[in-house]
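Enquirer: Can you read through this structure? Questions will come right after.
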Amino acid sequence: MKETMSESIKEPIKEPMIDRKGDEPGAAGDRKAHDPEKLWYIDAHIHLEQYGEQERALIFQDIADGTPVSMLLAVSMNLPSCQRTRELYRRYPHIVRPAYGFHPEQPLPSEDELAELLAWMEQTVHEAAAVGEIGLPYYMRTEVEQAGQAFYLQPYIDLLERFIAFAAKHNKPVVLHAVYEDADLVLDLLERYKIEHAHFHWFKGSEKTVERMIGLGYYISITPDISYEEEIRRLAARYPLELMMAETDGPWPFEGAYDGRMTHPLMVADVVRHIAGIKSVSVEEAAAQVYGNTCAFYRLQPQASG
């Protein structure tokens with residue numbers, strides 16, 4: 001999630017009105033356009049524990065009813081968030097793939113809190129698909145600096161290094177919140193620890209940084225704002241399809257055709273459709289490639305649905 005994530009880290013988002021329209025792009029009911037024998041999707045980055053109970057029930061019921069989303073890569077914010085994500089994984093082990101970490105767009109943890117989180121992650125590392133969401137606080141730092149105040153980034157870099165070292169120790173992929181100039185600092189750490197599997201979610205950055213990421217074989221994931229953000233469309237055009245995934249970052253809300261609607265994992269089907277158009281390949285080819293990329297990166301067993 002982006003700028004205002006820090007406002008909602010301690011409690012799950014309250015339940016909004018749920019839009020169940022089935023005749024709009026990306027809606028939960030939009031299944032007829034997809035042949036479930038051919039096209040399958042994975043939401044490669046979703047804050048599942050941040051949804052309200054009604055919303056989650058809707059998502060899992062839609063998957064049970066045949067929505068062609070087979071897995072959800074559920075990231076975490078802090079220790080309570082990790083614990084909630086783990087509960088969802090234990091309830092839906094064939095659908096939820098958990099990632100545990102500490103989101104950077106929030107105040108730093110105390111040393112005791114960090115020690116408790118890392119100890120918990122050690123105990124649960126066998127079930128984690130990745131370490132995440134981790135990274136640097138670009139949006140929070142920008143807001144503080146625009147208000148004329150000093151922001152000390154080094155403690156966040158030190159914190160990120162702790163998690164990257166953890167990932168290197170356990171040979172786990174990392175899920176990264178790192179955009180613009182922060183991405184280069186993160187790349188330095190990844191190279192220092194010889195991290196081979198890095199996923200930059202909802203990435204934005206310079207052409208030079210993009211080239212560096214491609215050279216290192218790092219992955220990005222594209223969100224539904226590809227339908228209305230030219231910056232994201234340019235990134236999708238430049239980045240190799242073989243290094244791309246699709247995500248919603250739900251419950252983060254989107255604009256355009258999605259304005260006012262609950263962010264549903266099936267929106268990744270729209271993402272893939274836009275990627276296919278930009279890459280001048282069929283939707284079937286793009287869907288198969290993006291699905292395969294996600295399975296390979298997160299070491300997932302391809303499957304139909306939960």
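Identifiers in the structure tokens: chain A, B, ... in order shown; residue index from 1 per chain; ligand index from 1 in order shown.
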Could you give me, as a VMD selection string, each residue of stretch 101-299 of chain A that DSSP assigns to alpha helix (DSSP H) when run on this structure's backbone?
Expert: chain A and resid 111 to 124 138 to 146 154 to 170 181 to 192 207 to 216 230 to 238 267 to 279 283 to 298
Enquirer: Would you list the contacts of A:Arg192 as a list of chain:residue names, taking every protein, DNA or RNA residue within 12 Å and counting only C-alpha atoms, but skipping same-chain residues closer than 5 positions in sequence?
Expert: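 Listed by chain and then number, they are A:Glu161, A:Ile164, A:Ala165, A:Ala168, A:Leu185, A:Val186, A:Leu187.
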Enquirer: Considering only C-alpha atoms, return as JSON, numbers by chain whatever protein or nucleic-acid residues lie within 7 Å of stretch 90-97 of chain A, sequence-local ones (same chain, fewer than 3 positions apart) excluded.
Expert: {"A": [70, 71, 72, 73, 74, 86, 87, 129, 306]}
Enquirer: Those selected residues, please, written with N, CA and C atoms and delivered as a short mmCIF file (atom, residue, chain, number, x, y, z; two decimals), in the first residue's frame.
Expert:
data_model
loop_
_atom_site.label_atom_id
_atom_site.label_comp_id
_atom_site.auth_asym_id
_atom_site.auth_seq_id
_atom_site.Cartn_x
_atom_site.Cartn_y
_atom_site.Cartn_z
N SER A 70 -6.36 -18.52 -8.17
CA SER A 70 -6.02 -19.74 -7.45
C SER A 70 -5.29 -19.49 -6.15
N MET A 71 -4.53 -18.39 -6.07
CA MET A 71 -3.74 -18.14 -4.85
C MET A 71 -3.64 -16.65 -4.59
N LEU A 72 -3.42 -16.32 -3.31
CA LEU A 72 -3.26 -14.95 -2.85
C LEU A 72 -1.97 -14.86 -2.06
N LEU A 73 -1.04 -14.02 -2.49
CA LEU A 73 0.20 -13.82 -1.75
C LEU A 73 -0.07 -12.72 -0.73
N ALA A 74 -0.30 -13.12 0.52
CA ALA A 74 -0.74 -12.21 1.57
C ALA A 74 0.45 -11.68 2.36
N ARG A 86 -1.27 -15.19 9.36
CA ARG A 86 -1.04 -16.62 9.60
C ARG A 86 -2.35 -17.35 9.86
N GLU A 87 -3.26 -16.72 10.58
CA GLU A 87 -4.55 -17.35 10.83
C GLU A 87 -5.31 -17.58 9.53
N ALA A 129 6.05 -17.89 2.52
CA ALA A 129 6.45 -17.87 1.11
C ALA A 129 7.54 -16.84 0.87
N GLY A 306 -8.64 -23.20 -4.79
CA GLY A 306 -8.68 -23.78 -3.46
C GLY A 306 -9.97 -24.47 -3.21
#
Enquirer: Using only C-alpha atoms, find the one residue out of A:Val272, A:Gly250, A:Tyr139, A:Leu159 that sits nearest to A:His47.
Expert: A:Gly250
Enquirer: Restricting the calculation to only C-alpha atoms, which member of A:Asp188, A:Glu247, A:Asp225, A:Glu284 is positioned closest to A:His264?
Expert: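 Under the stated criterion, the closest residue is A:Glu247.
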Enquirer: Env of stretch 298-300 of chain A: 10 Å cut, atoms = only C-alpha atoms, seq-sep filter 5 positions within chain, self excluded. Answer as an mmCIF file with C-alpha atoms, in the first residue's frame.
Expert:
data_model
loop_
_atom_site.group_PDB
_atom_site.id
_atom_site.type_symbol
_atom_site.label_atom_id
_atom_site.label_comp_id
_atom_site.auth_asym_id
_atom_site.auth_seq_id
_atom_site.Cartn_x
_atom_site.Cartn_y
_atom_site.Cartn_z
ATOM 1 C CA ALA A 44 0.902 -11.478 -6.052
ATOM 2 C CA MET A 71 -3.744 -18.142 -4.855
ATOM 3 C CA LEU A 73 0.198 -13.816 -1.755
ATOM 4 C CA ARG A 97 0.498 -17.913 0.788
ATOM 5 C CA ALA A 128 6.393 -18.344 4.870
ATOM 6 C CA ALA A 129 6.447 -17.869 1.112
ATOM 7 C CA ALA A 130 8.564 -14.738 1.542
ATOM 8 C CA LYS A 172 13.514 -16.624 1.191
ATOM 9 C CA PRO A 173 12.292 -14.206 -1.481
ATOM 10 C CA VAL A 174 11.748 -10.612 -0.382
ATOM 11 C CA HIS A 197 14.728 -13.343 -5.541
ATOM 12 C CA HIS A 199 9.914 -8.604 -5.864
ATOM 13 C CA GLY A 292 4.076 -19.104 -14.332
ATOM 14 C CA ASN A 293 6.326 -16.242 -13.235
#
Enquirer: So, counting only C-alpha atoms, which residue among A:His274, A:Lys194, A:His45, A:Arg212 is closest to A:Leu176?
Expert: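 Using only C-alpha atoms, A:Leu176 sits closest to A:His45.
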Enquirer: From the list A:Asp259, A:Val281, A:Pro224, A:Gln301, which residue is nearest A:Ala237 when using only C-alpha atoms?
Expert: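 Result for the nearest residue to A:Ala237: A:Val281.
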Enquirer: Using only C-alpha atoms for the distances, tell me which of A:Glu229, A:Asp270, A:Glu285, A:Glu116 is nearest to A:Asp43.
Expert: A:Asp270
Enquirer: Hey, can you check how far atom CA of A:Tyr100 sits from atom CA of A:Asn78?
Expert: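 Spanning atom CA of A:Tyr100 to atom CA of A:Asn78 is a straight-line distance of 7.9 Å.
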Enquirer: DSSP on the backbone: which residues in stretch 29-276 of chain A end up as strand (DSSP E or B)? Give the answer as a count of residues only.
Expert: 38
Enquirer: Would you pick out the contacts of A:Phe102 at 10 Å or less, using only C-alpha atoms, so that residues sharing its chain but fewer than 3 positions from it are not included, and give the list as an mmCIF file with N, CA, C and O atoms, in the first residue's frame?
Expert:
data_model
loop_
_atom_site.group_PDB
_atom_site.id
_atom_site.type_symbol
_atom_site.label_atom_id
_atom_site.label_comp_id
_atom_site.auth_asym_id
_atom_site.auth_seq_id
_atom_site.Cartn_x
_atom_site.Cartn_y
_atom_site.Cartn_z
ATOM 1 N N VAL A 75 0.682 -10.359 2.255
ATOM 2 C CA VAL A 75 1.798 -9.729 2.948
ATOM 3 C C VAL A 75 1.339 -9.179 4.294
ATOM 4 O O VAL A 75 0.143 -9.071 4.568
ATOM 5 N N SER A 76 2.325 -8.803 5.124
ATOM 6 C CA SER A 76 2.030 -8.384 6.495
ATOM 7 C C SER A 76 2.699 -7.055 6.817
ATOM 8 O O SER A 76 3.654 -6.638 6.159
ATOM 9 N N MET A 77 2.199 -6.423 7.890
ATOM 10 C CA MET A 77 2.604 -5.065 8.262
ATOM 11 C C MET A 77 3.502 -5.000 9.491
ATOM 12 O O MET A 77 4.372 -4.147 9.593
ATOM 13 N N ASN A 78 3.261 -5.859 10.466
ATOM 14 C CA ASN A 78 3.952 -5.864 11.751
ATOM 15 C C ASN A 78 3.569 -7.175 12.432
ATOM 16 O O ASN A 78 2.915 -8.020 11.818
ATOM 17 N N LEU A 79 3.947 -7.373 13.698
ATOM 18 C CA LEU A 79 3.680 -8.662 14.327
ATOM 19 C C LEU A 79 2.186 -8.993 14.426
ATOM 20 O O LEU A 79 1.785 -10.103 14.038
ATOM 21 N N SER A 81 -0.203 -8.009 12.562
ATOM 22 C CA SER A 81 -0.608 -8.260 11.182
ATOM 23 C C SER A 81 -0.113 -9.625 10.708
ATOM 24 O O SER A 81 -0.845 -10.376 10.054
ATOM 25 N N CYS A 82 1.132 -9.959 11.025
ATOM 26 C CA CYS A 82 1.670 -11.281 10.688
ATOM 27 C C CYS A 82 0.820 -12.388 11.300
ATOM 28 O O CYS A 82 0.520 -13.400 10.645
ATOM 29 N N GLU A 105 6.258 2.103 6.024
ATOM 30 C CA GLU A 105 5.531 3.372 6.126
ATOM 31 C C GLU A 105 4.817 3.487 7.476
ATOM 32 O O GLU A 105 3.611 3.709 7.557
ATOM 33 N N GLN A 106 5.601 3.385 8.551
ATOM 34 C CA GLN A 106 5.065 3.499 9.902
ATOM 35 C C GLN A 106 6.229 3.766 10.846
ATOM 36 O O GLN A 106 7.402 3.599 10.475
ATOM 37 N N LEU A 108 9.144 3.406 13.508
ATOM 38 C CA LEU A 108 10.051 2.286 13.754
ATOM 39 C C LEU A 108 9.625 1.487 14.980
ATOM 40 O O LEU A 108 9.130 2.056 15.961
ATOM 41 N N PRO A 109 9.830 0.178 14.956
ATOM 42 C CA PRO A 109 9.562 -0.620 16.169
ATOM 43 C C PRO A 109 10.663 -0.386 17.190
ATOM 44 O O PRO A 109 11.795 -0.007 16.840
ATOM 45 N N LEU A 114 11.065 -5.401 17.708
ATOM 46 C CA LEU A 114 11.739 -6.011 16.572
ATOM 47 C C LEU A 114 12.252 -7.397 16.924
ATOM 48 O O LEU A 114 12.098 -8.342 16.133
ATOM 49 N N LEU A 117 9.348 -9.782 16.896
ATOM 50 C CA LEU A 117 8.908 -10.104 15.540
ATOM 51 C C LEU A 117 9.871 -11.065 14.860
ATOM 52 O O LEU A 117 9.445 -12.062 14.261
ATOM 53 N N LEU A 118 11.162 -10.806 14.950
ATOM 54 C CA LEU A 118 12.134 -11.673 14.297
ATOM 55 C C LEU A 118 12.142 -13.072 14.913
ATOM 56 O O LEU A 118 12.298 -14.076 14.209
ATOM 57 N N VAL A 131 9.647 -13.000 2.807
ATOM 58 C CA VAL A 131 9.783 -11.987 3.839
ATOM 59 C C VAL A 131 9.205 -10.690 3.273
ATOM 60 O O VAL A 131 9.666 -10.177 2.251
ATOM 61 N N GLY A 132 8.148 -10.184 3.932
ATOM 62 C CA GLY A 132 7.558 -8.968 3.393
ATOM 63 C C GLY A 132 6.231 -8.617 4.050
ATOM 64 O O GLY A 132 5.600 -9.452 4.677
ATOM 65 N N GLU A 133 5.869 -7.428 3.981
ATOM 66 C CA GLU A 133 6.393 -6.405 3.109
ATOM 67 C C GLU A 133 7.452 -5.599 3.849
ATOM 68 O O GLU A 133 7.234 -5.176 4.980
ATOM 69 N N ILE A 134 8.582 -5.400 3.225
ATOM 70 C CA ILE A 134 9.673 -4.638 3.816
ATOM 71 C C ILE A 134 10.134 -3.578 2.805
ATOM 72 O O ILE A 134 9.766 -3.628 1.642
ATOM 73 N N GLY A 135 10.935 -2.623 3.267
ATOM 74 C CA GLY A 135 11.415 -1.608 2.343
ATOM 75 C C GLY A 135 11.779 -0.319 3.046
ATOM 76 O O GLY A 135 12.221 -0.327 4.198
ATOM 77 N N LEU A 159 16.983 -1.100 9.677
ATOM 78 C CA LEU A 159 15.905 -2.055 9.902
ATOM 79 C C LEU A 159 15.734 -2.966 8.688
ATOM 80 O O LEU A 159 15.617 -4.194 8.826
ATOM 81 N N LEU A 160 15.723 -2.370 7.504
ATOM 82 C CA LEU A 160 15.592 -3.164 6.288
ATOM 83 C C LEU A 160 16.718 -4.174 6.169
ATOM 84 O O LEU A 160 16.494 -5.329 5.775
ATOM 85 N N PHE A 163 16.042 -7.389 7.995
ATOM 86 C CA PHE A 163 15.115 -8.302 7.320
ATOM 87 C C PHE A 163 15.745 -8.935 6.084
ATOM 88 O O PHE A 163 15.489 -10.107 5.786
#
Enquirer: Would you compute the distance between atom CA of A:Pro80 and atom CA of A:Glu122? Give it in Å to one decimal.
Expert: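 Value for the atom CA of A:Pro80-atom CA of A:Glu122 distance: 15.5 Å.
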Enquirer: So how far away is atom CA of A:Glu231 from atom CA of A:Ala147, in Å?
Expert: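 Those two atoms sit 26.0 Å apart.
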Enquirer: Excluding A:Ala198 and any residue of its chain fewer than 6 positions from it, enumerate the residues within 9 Å of it, using only C-alpha atoms, and give them as a list of chain:residue names.
Expert: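 Here the qualifying residues turn out to be A:Pro173, A:Val174, A:Val175, A:Leu176, A:Leu190, A:Gly217, A:Tyr218, A:Tyr219, A:Ile220, A:Phe297.
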